[in-house]
Structure formats: C-alpha cells, structure tokens
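Right, one structure below, let's go through it.
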Amino acid sequence: KKIAVFASGNGSNFQSIVDAVKAGTLAADIRLLVCDKESAFVLERAKKEKIESFCFSPKSFHDKEAFELEIVKQLKSKAVEFIVLAGYMRLIGPTLLQEYPEAIVNIHPSLLPAFPGKDAIGQAFDAGVKVTGLSIHYVDAGMDTGPIIAQKEIEVLANDTRDRLQERIQKAEHTTYPEVLQQLFMQEKLISAH
Ligand code: GRF
C-alpha cells in the first residue's frame with residue numbers, strides 16, 4: 001500500500017509508522033511525508049529515514065484549495081493511495097477529500113466524540129474524566145468528526161499530571177496506529193483512491 005503521512009510537528013507517530021514498516025509488521029510503502037511547517041522536527045526524522053518530504057508554507061498560497069491542489073499533484077506523482085494524518089494541524093479541504101474519498105485516516109488523543117480539536121489531552125485532564133484515550137477515524141470535512149475505526153481507553157490515574165497522561169496516551173498511539181493501519185489494509189477497509 002502506497003501511503004503518504006501528513007504531520008506538522010514532532011512526528012513521533014510518523015516515526016512509529018516508519019519503525020513498523022521497517023520491522024515488517026506494517027505492509028506499507030511510505031512514499032511521501034507532507035508537512036506544513038518548515039521548523040517541524042518530523043522533517044528531520046524523514047531525512048534520517050531517507051523518506052522524501054514535501055514541505056510547504058500555507059501562507060505562500062492564495063488559499064487552501066491552492067495548496068491542496070499542489071499536495072494532490074505531489075501525491076499523484078508518487079502514486080499515493082492512502083493518506084495517514086499524524087499530527088497534521090489542519091482541516092482537510094474538499095480538494096483532498098474528493099481526490100481521496102474513504103482513503104484518509106487520522107489519530108486523535110481522546111475518546112471521540114469527546115474532546116475534539118486542539119489540546120485534547122489537556123481538555124480531558126481539566127474536565128476531570130476518569131477515562132480518556134485515543135481514537136483512529138476516517139477523515140471528513142469536520143474537526144475530528146469522521147466515522148470511528150478504533151479506540152483505546154487509557155485510565156486517568158489519581159496522581160496523574162497532564163504530562164504523565166500525555167506520555168501514556170502517546171505511547172499507546174505508537175503501538176495502536178501501525179496495528180490498526182495494518183488491519184485496515186488486510187481487511188481492505190480503506191479504499192484505494194488510484
Ligand atoms: C498526537 O497525539 C496525535 O494524536 C495528534 O497530534 C499528536 C501528534 O504527535 N493528532 P506527534 O507529532 O506524532 O509526536
């Protein structure tokens with residue numbers, strides 16, 4: 001399966017996907033990293049792993065449609081079939097959704113539909129919930145709203161801090177995301193766009 005990973009920041013989930021491919025537990029070919037931030041650490045990870053990246057500055061485009069058209073061009077040139085969002089801090093617009101219907105997935109650090117949007121872990125921690133977790137879902141036009149594929153619960157412990165909770169959620173993300181992607185590919189539950 002030819003995939004592109006989209007990320008905007010640290011890229012620890014990108015790394016876990018790369019590591020799963022290298023370990024042979026995820027049958028995917030990471031054709032491209034797409035990144036919207038020149039200072040993102042994920043770019044260094046890609047370089048080290050010899051994975052090609054396409055980094056763009058949204059400000060230098062007229063609008064979302066313009067940069068998504070450029071992204072589509074890049075994806076097509078690499079014959080990308082599926083898009084894996086991993087900390088990509090932007091809503092996906094109609095241009096990409098039309099080109100990759102049912103072929104885009106995202107990971108979000110809460111039990112959706114609870115705590116969508118930014119700082120989901122902080123939101124859950126501040127709300128005082130006893131259980132939070134992570135969700136993997138298909139992407140639609142909304143903010144973390146697409147159909148849910150898989151979830152994993154993580155307990156909030158009595159002596160937790162926001163940071164400790166984040167550490168446990170992210171650790172779970174790093175094992176769960178590659179596993180769920182592999183299941184999706186095996187069960188043909190992602191529809192290849194090309
Ligand atoms: C992850 O917690 C993911 O769930 C969310 O953004 C974070 C990205 O972290 N969508 P990283 O860049 O993969 O380290």
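Ordering of the structure tokens sets the chain letters (A, B, ...); residue numbers start at 1 within each chain; ligands are numbered from 1 in the order shown.
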
For the interface of chain A with ligand 1 (cut-off 9 Å, counting only C-alpha atoms and all ligand atoms), please tabulate each contacting residue of chain A alongside its nearest pair of atoms and their separation in Å to one decimal, rows sorted by chain and increasing number, as CSV.
residue,atom,partner,partner_atom_place_in_ligand_line,distance
A:Ala7,CA,ligand 1,12 (O),6.3
A:Ser8,CA,ligand 1,12 (O),6.6
A:Gly9,CA,ligand 1,12 (O),4.6
A:Asn10,CA,ligand 1,12 (O),3.9
A:Gly11,CA,ligand 1,12 (O),3.5
A:Ser12,CA,ligand 1,14 (O),3.5
A:Asn13,CA,ligand 1,13 (O),3.6
A:Phe14,CA,ligand 1,13 (O),5.8
A:Gln15,CA,ligand 1,13 (O),7.6
A:Ser16,CA,ligand 1,13 (O),8.4
A:Ala40,CA,ligand 1,12 (O),8.7
A:Phe41,CA,ligand 1,12 (O),8.3
A:Val42,CA,ligand 1,12 (O),7.1
A:Leu85,CA,ligand 1,10 (N),7.5
A:Ala86,CA,ligand 1,13 (O),5.3
A:Gly87,CA,ligand 1,6 (O),3.5
A:Tyr88,CA,ligand 1,10 (N),6.6
A:Met89,CA,ligand 1,10 (N),7.4
A:Asn106,CA,ligand 1,10 (N),7.0
A:Ile107,CA,ligand 1,4 (O),4.7
A:His108,CA,ligand 1,4 (O),3.9
A:Pro109,CA,ligand 1,4 (O),4.3
A:Ser110,CA,ligand 1,4 (O),7.9
A:Gly117,CA,ligand 1,10 (N),8.9
A:Lys118,CA,ligand 1,10 (N),8.5
A:Asp119,CA,ligand 1,6 (O),8.6
A:Ala120,CA,ligand 1,5 (C),8.5
A:Ile121,CA,ligand 1,2 (O),8.3
A:Leu134,CA,ligand 1,4 (O),7.0
A:Ser135,CA,ligand 1,4 (O),8.0
A:Ile136,CA,ligand 1,4 (O),8.6
A:Gln166,CA,ligand 1,2 (O),7.9
A:Ile169,CA,ligand 1,2 (O),7.4
A:Gln170,CA,ligand 1,2 (O),5.7
A:Glu173,CA,ligand 1,4 (O),6.9
A:His174,CA,ligand 1,13 (O),8.3

Non-local contacts of Val156 (chain A) (9 Å; only C-alpha atoms; under 6 positions in same chain excluded) as a PyMOL selection string | chain A and resi 125+128-132+165

Mind checking which residues fall within 8 Å of region 90-96 of chain A, counting only C-alpha atoms, ignoring those fewer than 3 positions away in the same chain, and posting them as a ChimeraX atom specification?
-> /A:64-65,68-69,72,99-100,139-143

Check chain A with DSSP on the backbone and list each residue it calls strand (DSSP E or B), as a PyMOL selection string.
-> chain A and resi 2-7+29-35+53-55+82-85+104-108+131-138+148-155

Generate the output file for the selected residues, N, CA and C atoms, as a CSV table (one decimal), in the first residue's frame.
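Output below, filename selection07.csv:
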chain,number,residue,atom,x,y,z
A,2,LYS,N,0.6,2.1,-0.9
A,2,LYS,CA,1.4,3.3,-1.0
A,2,LYS,C,0.8,4.4,-0.2
A,3,ILE,N,1.5,4.9,0.8
A,3,ILE,CA,0.9,5.9,1.7
A,3,ILE,C,1.7,7.2,1.7
A,4,ALA,N,1.0,8.3,2.1
A,4,ALA,CA,1.7,9.5,2.5
A,4,ALA,C,1.3,9.8,3.9
A,5,VAL,N,2.2,10.2,4.7
A,5,VAL,CA,1.9,10.6,6.1
A,5,VAL,C,2.0,12.2,6.1
A,6,PHE,N,0.9,12.8,6.8
A,6,PHE,CA,0.9,14.2,6.9
A,6,PHE,C,1.2,14.5,8.4
A,7,ALA,N,2.1,15.5,8.6
A,7,ALA,CA,2.4,15.8,10.0
A,7,ALA,C,2.8,17.3,10.1
A,29,ASP,N,4.3,1.3,2.0
A,29,ASP,CA,5.4,1.9,1.4
A,29,ASP,C,5.2,3.4,1.6
A,30,ILE,N,6.0,4.0,2.5
A,30,ILE,CA,5.8,5.5,2.8
A,30,ILE,C,6.4,6.3,1.7
A,31,ARG,N,5.6,6.7,0.7
A,31,ARG,CA,6.1,7.4,-0.5
A,31,ARG,C,6.5,8.9,-0.2
A,32,LEU,N,5.8,9.5,0.8
A,32,LEU,CA,6.0,10.9,1.0
A,32,LEU,C,5.5,11.3,2.4
A,33,LEU,N,6.3,12.3,3.0
A,33,LEU,CA,5.8,13.0,4.1
A,33,LEU,C,5.4,14.4,3.7
A,34,VAL,N,4.2,14.7,4.0
A,34,VAL,CA,3.7,16.1,3.7
A,34,VAL,C,3.6,16.9,5.0
A,35,CYS,N,4.2,18.1,5.0
A,35,CYS,CA,4.4,18.9,6.2
A,35,CYS,C,4.1,20.3,5.9
A,53,SER,N,10.2,14.2,1.5
A,53,SER,CA,9.2,15.1,2.1
A,53,SER,C,8.8,16.2,1.2
A,54,PHE,N,7.6,16.6,1.3
A,54,PHE,CA,7.1,17.8,0.6
A,54,PHE,C,6.6,18.8,1.7
A,55,CYS,N,7.4,19.8,1.9
A,55,CYS,CA,7.1,20.8,2.9
A,55,CYS,C,6.6,22.1,2.2
A,82,PHE,N,-3.2,6.1,-0.1
A,82,PHE,CA,-3.8,6.4,1.2
A,82,PHE,C,-3.1,7.5,1.9
A,83,ILE,N,-3.9,8.3,2.7
A,83,ILE,CA,-3.3,9.4,3.4
A,83,ILE,C,-3.5,9.1,4.9
A,84,VAL,N,-2.4,9.2,5.6
A,84,VAL,CA,-2.4,8.9,7.1
A,84,VAL,C,-2.0,10.2,7.8
A,85,LEU,N,-3.0,10.8,8.5
A,85,LEU,CA,-2.7,12.0,9.2
A,85,LEU,C,-2.1,11.7,10.6
A,104,ILE,N,-8.5,8.5,3.8
A,104,ILE,CA,-7.8,9.3,4.7
A,104,ILE,C,-8.1,8.9,6.1
A,105,VAL,N,-7.1,8.7,6.9
A,105,VAL,CA,-7.4,8.4,8.4
A,105,VAL,C,-6.6,9.3,9.2
A,106,ASN,N,-7.1,9.5,10.5
A,106,ASN,CA,-6.4,10.4,11.5
A,106,ASN,C,-6.4,9.7,12.8
A,107,ILE,N,-5.4,10.1,13.6
A,107,ILE,CA,-5.4,9.7,15.0
A,107,ILE,C,-5.6,10.9,15.9
A,108,HIS,N,-6.4,10.7,16.9
A,108,HIS,CA,-6.7,11.8,17.8
A,108,HIS,C,-6.6,11.4,19.3
A,131,VAL,N,-11.5,8.3,32.5
A,131,VAL,CA,-11.0,7.5,31.4
A,131,VAL,C,-11.0,8.4,30.2
A,132,THR,N,-9.9,8.4,29.5
A,132,THR,CA,-9.8,9.0,28.2
A,132,THR,C,-9.1,8.0,27.2
A,133,GLY,N,-8.4,8.5,26.2
A,133,GLY,CA,-7.8,7.5,25.4
A,133,GLY,C,-7.4,8.1,24.0
A,134,LEU,N,-7.5,7.2,23.0
A,134,LEU,CA,-7.2,7.7,21.6
A,134,LEU,C,-8.2,7.1,20.7
A,135,SER,N,-8.4,7.8,19.6
A,135,SER,CA,-9.3,7.3,18.5
A,135,SER,C,-8.6,7.4,17.2
A,136,ILE,N,-8.9,6.4,16.3
A,136,ILE,CA,-8.5,6.4,15.0
A,136,ILE,C,-9.8,6.5,14.1
A,137,HIS,N,-9.8,7.4,13.2
A,137,HIS,CA,-11.1,7.6,12.5
A,137,HIS,C,-10.9,8.0,11.0
A,138,TYR,N,-11.9,7.7,10.2
A,138,TYR,CA,-11.9,8.2,8.8
A,138,TYR,C,-12.0,9.7,8.9
A,148,ILE,N,-15.6,6.5,13.4
A,148,ILE,CA,-14.5,5.9,14.2
A,148,ILE,C,-14.2,4.5,13.8
A,149,ILE,N,-12.9,4.2,13.7
A,149,ILE,CA,-12.4,2.9,13.3
A,149,ILE,C,-12.0,2.1,14.5
A,150,ALA,N,-11.3,2.7,15.4
A,150,ALA,CA,-10.8,2.0,16.6
A,150,ALA,C,-10.6,3.0,17.7
A,151,GLN,N,-10.7,2.5,18.9
A,151,GLN,CA,-10.4,3.4,20.1
A,151,GLN,C,-9.7,2.5,21.1
A,152,LYS,N,-8.9,3.2,21.9
A,152,LYS,CA,-8.2,2.6,23.1
A,152,LYS,C,-8.4,3.5,24.3
A,153,GLU,N,-8.9,2.8,25.4
A,153,GLU,CA,-9.1,3.6,26.6
A,153,GLU,C,-7.8,3.7,27.4
A,154,ILE,N,-7.6,4.8,28.0
A,154,ILE,CA,-6.5,5.0,28.9
A,154,ILE,C,-7.1,5.6,30.2
A,155,GLU,N,-6.8,5.0,31.3
A,155,GLU,CA,-7.3,5.5,32.6
A,155,GLU,C,-6.5,6.7,33.0

Alpha helix (DSSP H) call set, DSSP backbone run, region 3-190 of chain A, as a PyMOL selection string | chain A and resi 12-23+41-48+64-77+94-99+120-127+162-186

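The neighbours of Gln182 (chain A) here are the residues that come within 9 Å of it, using only C-alpha atoms and leaving out any residue fewer than 6 positions away in the same chain; they are Thr25, Leu26, Ala27 and Ala28 of chain A.
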
Identify which of the residues A:Asp126, A:Glu179, A:Glu188, A:Glu102 lies closest to Pro147 (chain A), counting only C-alpha atoms when measuring atom-to-atom distances.
->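 Closest to Pro147 (chain A), using only C-alpha atoms: A:Glu102.
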
Could you please determine the separation between CA of Gln187 (chain A) and CA of Lys50 (chain A) in Å, to one decimal place?
-> 29.1 Å
